[in-house]
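Student: Below is the structure I would like to discuss, written out as structure tokens.
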Amino acid sequence: MIRDNDAALGSIDTALRYLPASGSRGSHKFLQEQFIAQRDAIPEGRLRAELDTEHAQVLADQERRHNQRWEQLGTELDRRSEEQDKAQRESQERARANHVSSVELVAVLTFAIAFAVGSLQVSLTGSFTLKDRLALIGAWGAFHMFFALLVFGGTWYITRPSRNMMALPPGRVGQQRCSPHETPN
């Protein structure tokens with residue numbers, strides 16, 4: 001199709017005017033039909049081009065809206081991922097604190113019972129003076145306190161968050177969000 005449609009229509013109309021109304025040759029009617037078909041095709045081509053332009057604009061607008069929505073969804077996904085990671089870390093810390101508290105409670109009760117039994121045994125048997133018995137009970141208590149501190153410290157050391165977990169940034173490390181037209185690396 002010729003880009004200058006107005007000039008093409010003018011040329012076709014001029015050719016139709018110069019074409020004799022009737023002719024002796026059999027190709028007269030054929031030429032006239034071809035010129036008329038070309039003249040009718042030009043407005044159709046214009047209309048098709050306008051429709052194609054409108055359709056291309058609609059598609060471009062639709063793609064722009066889709067890309068905006070994709071970015072919104074990506075931002076929302078990142079935000080929710082961060083919230084979920086934060087909640088998971090908080091939950092892990094609460095669970096760790098609960099485990100440590102349980103171990104500490106069991107250790108305190110065990111040490112209290114062991115201290116009471118040991119103190120009764122020292123105070124009820126033997127021929128120690130009051131001063132010696134108090135010294136034995138004090139040493140016994142100091143040993144239990146030292147052992148309790150070792151248990152509490154060991155429990156804390158074993159259940160503390162690792163440095164690797166604290167060093168990682170929140171979110172999915174190594175994952176990258178991409179648009180619907182891209183492929184992830």
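Ordering of the structure tokens sets the chain letters (A, B, ...); residue numbers start at 1 within each chain; ligands are numbered from 1 in the order shown.
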Near A:Gln121, within 12 Å and counting only C-alpha atoms, which residues show up once chain neighbours fewer than 4 positions away are dropped, as a ChimeraX atom specification?

Tutor: /A:114-117,125-126,128,133,136-137,140

Student: Save out the residues we just selected, all heavy atoms, as a PDB file, in the first residue's frame.

Tutor:
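New file part.pdb:
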```
ATOM      1  N   ALA A 114      18.541 -31.567  95.851  1.00  0.00           N
ATOM      2  CA  ALA A 114      19.856 -32.131  96.174  1.00  0.00           C
ATOM      3  C   ALA A 114      20.485 -31.394  97.364  1.00  0.00           C
ATOM      4  O   ALA A 114      21.096 -32.021  98.245  1.00  0.00           O
ATOM      5  CB  ALA A 114      20.775 -32.049  94.955  1.00  0.00           C
ATOM      6  N   PHE A 115      20.321 -30.079  97.415  1.00  0.00           N
ATOM      7  CA  PHE A 115      20.874 -29.317  98.534  1.00  0.00           C
ATOM      8  C   PHE A 115      20.179 -29.693  99.836  1.00  0.00           C
ATOM      9  O   PHE A 115      20.829 -29.881 100.869  1.00  0.00           O
ATOM     10  CB  PHE A 115      20.741 -27.814  98.262  1.00  0.00           C
ATOM     11  CG  PHE A 115      21.259 -26.965  99.374  1.00  0.00           C
ATOM     12  CD1 PHE A 115      22.614 -26.835  99.580  1.00  0.00           C
ATOM     13  CD2 PHE A 115      20.386 -26.306 100.225  1.00  0.00           C
ATOM     14  CE1 PHE A 115      23.109 -26.048 100.606  1.00  0.00           C
ATOM     15  CE2 PHE A 115      20.862 -25.530 101.255  1.00  0.00           C
ATOM     16  CZ  PHE A 115      22.226 -25.396 101.447  1.00  0.00           C
ATOM     17  N   ALA A 116      18.841 -29.812  99.779  1.00  0.00           N
ATOM     18  CA  ALA A 116      18.097 -30.158 100.995  1.00  0.00           C
ATOM     19  C   ALA A 116      18.494 -31.547 101.487  1.00  0.00           C
ATOM     20  O   ALA A 116      18.729 -31.758 102.694  1.00  0.00           O
ATOM     21  CB  ALA A 116      16.600 -30.092 100.734  1.00  0.00           C
ATOM     22  N   VAL A 117      18.575 -32.503 100.588  1.00  0.00           N
ATOM     23  CA  VAL A 117      18.939 -33.865 100.986  1.00  0.00           C
ATOM     24  C   VAL A 117      20.365 -33.886 101.527  1.00  0.00           C
ATOM     25  O   VAL A 117      20.652 -34.498 102.562  1.00  0.00           O
ATOM     26  CB  VAL A 117      18.767 -34.842  99.800  1.00  0.00           C
ATOM     27  CG1 VAL A 117      19.385 -36.191 100.108  1.00  0.00           C
ATOM     28  CG2 VAL A 117      17.302 -34.993  99.449  1.00  0.00           C
ATOM     29  N   THR A 125      23.839 -36.614 110.607  1.00  0.00           N
ATOM     30  CA  THR A 125      24.808 -37.681 110.880  1.00  0.00           C
ATOM     31  C   THR A 125      26.163 -37.091 111.210  1.00  0.00           C
ATOM     32  O   THR A 125      26.470 -35.951 110.868  1.00  0.00           O
ATOM     33  CB  THR A 125      24.955 -38.612 109.668  1.00  0.00           C
ATOM     34  OG1 THR A 125      25.414 -37.860 108.567  1.00  0.00           O
ATOM     35  CG2 THR A 125      23.662 -39.307 109.344  1.00  0.00           C
ATOM     36  N   GLY A 126      26.957 -37.861 111.828  1.00  0.00           N
ATOM     37  CA  GLY A 126      28.326 -37.470 112.107  1.00  0.00           C
ATOM     38  C   GLY A 126      28.466 -36.729 113.425  1.00  0.00           C
ATOM     39  O   GLY A 126      27.494 -36.335 114.074  1.00  0.00           O
ATOM     40  N   PHE A 128      30.170 -33.806 113.871  1.00  0.00           N
ATOM     41  CA  PHE A 128      30.755 -32.509 113.571  1.00  0.00           C
ATOM     42  C   PHE A 128      30.191 -31.448 114.509  1.00  0.00           C
ATOM     43  O   PHE A 128      29.043 -31.533 114.940  1.00  0.00           O
ATOM     44  CB  PHE A 128      30.469 -32.093 112.120  1.00  0.00           C
ATOM     45  CG  PHE A 128      31.097 -32.985 111.093  1.00  0.00           C
ATOM     46  CD1 PHE A 128      30.311 -33.728 110.210  1.00  0.00           C
ATOM     47  CD2 PHE A 128      32.478 -33.080 110.972  1.00  0.00           C
ATOM     48  CE1 PHE A 128      30.876 -34.528 109.255  1.00  0.00           C
ATOM     49  CE2 PHE A 128      33.051 -33.889 110.010  1.00  0.00           C
ATOM     50  CZ  PHE A 128      32.248 -34.620 109.155  1.00  0.00           C
ATOM     51  N   ARG A 133      29.583 -28.161 110.651  1.00  0.00           N
ATOM     52  CA  ARG A 133      28.366 -28.478 109.877  1.00  0.00           C
ATOM     53  C   ARG A 133      27.959 -27.285 109.002  1.00  0.00           C
ATOM     54  O   ARG A 133      27.577 -27.457 107.840  1.00  0.00           O
ATOM     55  CB  ARG A 133      27.227 -28.863 110.815  1.00  0.00           C
ATOM     56  CG  ARG A 133      27.414 -30.217 111.410  1.00  0.00           C
ATOM     57  CD  ARG A 133      26.259 -30.588 112.278  1.00  0.00           C
ATOM     58  NE  ARG A 133      26.588 -31.849 112.946  1.00  0.00           N
ATOM     59  CZ  ARG A 133      25.787 -32.465 113.754  1.00  0.00           C
ATOM     60  NH1 ARG A 133      24.610 -31.954 114.025  1.00  0.00           N
ATOM     61  NH2 ARG A 133      26.138 -33.589 114.305  1.00  0.00           N
ATOM     62  N   LEU A 136      30.311 -27.128 106.068  1.00  0.00           N
ATOM     63  CA  LEU A 136      29.993 -28.161 105.078  1.00  0.00           C
ATOM     64  C   LEU A 136      28.742 -27.791 104.274  1.00  0.00           C
ATOM     65  O   LEU A 136      28.702 -27.958 103.039  1.00  0.00           O
ATOM     66  CB  LEU A 136      29.803 -29.513 105.757  1.00  0.00           C
ATOM     67  CG  LEU A 136      31.080 -30.245 106.145  1.00  0.00           C
ATOM     68  CD1 LEU A 136      30.742 -31.485 106.974  1.00  0.00           C
ATOM     69  CD2 LEU A 136      31.856 -30.642 104.914  1.00  0.00           C
ATOM     70  N   ILE A 137      27.734 -27.295 104.975  1.00  0.00           N
ATOM     71  CA  ILE A 137      26.491 -26.899 104.278  1.00  0.00           C
ATOM     72  C   ILE A 137      26.783 -25.724 103.341  1.00  0.00           C
ATOM     73  O   ILE A 137      26.288 -25.673 102.208  1.00  0.00           O
ATOM     74  CB  ILE A 137      25.387 -26.571 105.297  1.00  0.00           C
ATOM     75  CG1 ILE A 137      24.927 -27.857 106.004  1.00  0.00           C
ATOM     76  CG2 ILE A 137      24.206 -25.904 104.610  1.00  0.00           C
ATOM     77  CD1 ILE A 137      23.956 -27.625 107.146  1.00  0.00           C
ATOM     78  N   TRP A 140      28.675 -27.078 100.418  1.00  0.00           N
ATOM     79  CA  TRP A 140      27.703 -27.836  99.620  1.00  0.00           C
ATOM     80  C   TRP A 140      26.836 -26.879  98.793  1.00  0.00           C
ATOM     81  O   TRP A 140      26.592 -27.090  97.602  1.00  0.00           O
ATOM     82  CB  TRP A 140      26.873 -28.697 100.577  1.00  0.00           C
ATOM     83  CG  TRP A 140      25.916 -29.639  99.933  1.00  0.00           C
ATOM     84  CD1 TRP A 140      24.568 -29.532  99.912  1.00  0.00           C
ATOM     85  CD2 TRP A 140      26.213 -30.836  99.228  1.00  0.00           C
ATOM     86  NE1 TRP A 140      24.010 -30.567  99.251  1.00  0.00           N
ATOM     87  CE2 TRP A 140      25.013 -31.404  98.804  1.00  0.00           C
ATOM     88  CE3 TRP A 140      27.396 -31.491  98.903  1.00  0.00           C
ATOM     89  CZ2 TRP A 140      24.935 -32.581  98.092  1.00  0.00           C
ATOM     90  CZ3 TRP A 140      27.308 -32.663  98.189  1.00  0.00           C
ATOM     91  CH2 TRP A 140      26.097 -33.192  97.789  1.00  0.00           C
TER      92      TRP A 140
END
```

Student: Could you give me, as number ranges by chain, the residues within 8 Å of stretch 6-20 of chain A, counting only C-alpha atoms and dropping anything in the same chain fewer than 4 positions from it?

Tutor: A: 2, 28, 32, 35-36, 38-39, 42

Student: Deliver the residues from the most recent selection as a file, using N, CA and C atoms, as a PDB file, in the first residue's frame.

Tutor:
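As a result, result.pdb now contains:
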```
ATOM      1  N   ILE A   2       0.464   2.238  -0.634  1.00  0.00           N
ATOM      2  CA  ILE A   2       1.214   3.481  -0.728  1.00  0.00           C
ATOM      3  C   ILE A   2       0.958   4.293   0.539  1.00  0.00           C
ATOM      4  N   HIS A  28     -11.014  -3.762 -20.699  1.00  0.00           N
ATOM      5  CA  HIS A  28     -11.513  -2.497 -20.180  1.00  0.00           C
ATOM      6  C   HIS A  28     -12.242  -2.678 -18.853  1.00  0.00           C
ATOM      7  N   GLN A  32     -11.099  -1.421 -15.112  1.00  0.00           N
ATOM      8  CA  GLN A  32     -12.002  -0.598 -14.303  1.00  0.00           C
ATOM      9  C   GLN A  32     -12.270  -1.248 -12.943  1.00  0.00           C
ATOM     10  N   PHE A  35      -9.121  -0.773 -10.691  1.00  0.00           N
ATOM     11  CA  PHE A  35      -9.002   0.594 -10.164  1.00  0.00           C
ATOM     12  C   PHE A  35     -10.020   0.842  -9.055  1.00  0.00           C
ATOM     13  N   ILE A  36     -11.242   0.380  -9.267  1.00  0.00           N
ATOM     14  CA  ILE A  36     -12.280   0.569  -8.243  1.00  0.00           C
ATOM     15  C   ILE A  36     -11.940  -0.233  -6.978  1.00  0.00           C
ATOM     16  N   GLN A  38      -8.930  -0.992  -5.970  1.00  0.00           N
ATOM     17  CA  GLN A  38      -7.838  -0.273  -5.305  1.00  0.00           C
ATOM     18  C   GLN A  38      -8.370   0.971  -4.597  1.00  0.00           C
ATOM     19  N   ARG A  39      -9.294   1.688  -5.229  1.00  0.00           N
ATOM     20  CA  ARG A  39      -9.867   2.875  -4.602  1.00  0.00           C
ATOM     21  C   ARG A  39     -10.629   2.507  -3.330  1.00  0.00           C
ATOM     22  N   ILE A  42      -8.169   1.567  -0.303  1.00  0.00           N
ATOM     23  CA  ILE A  42      -7.442   2.630   0.409  1.00  0.00           C
ATOM     24  C   ILE A  42      -8.184   3.057   1.681  1.00  0.00           C
TER      25      ILE A  42
END
```
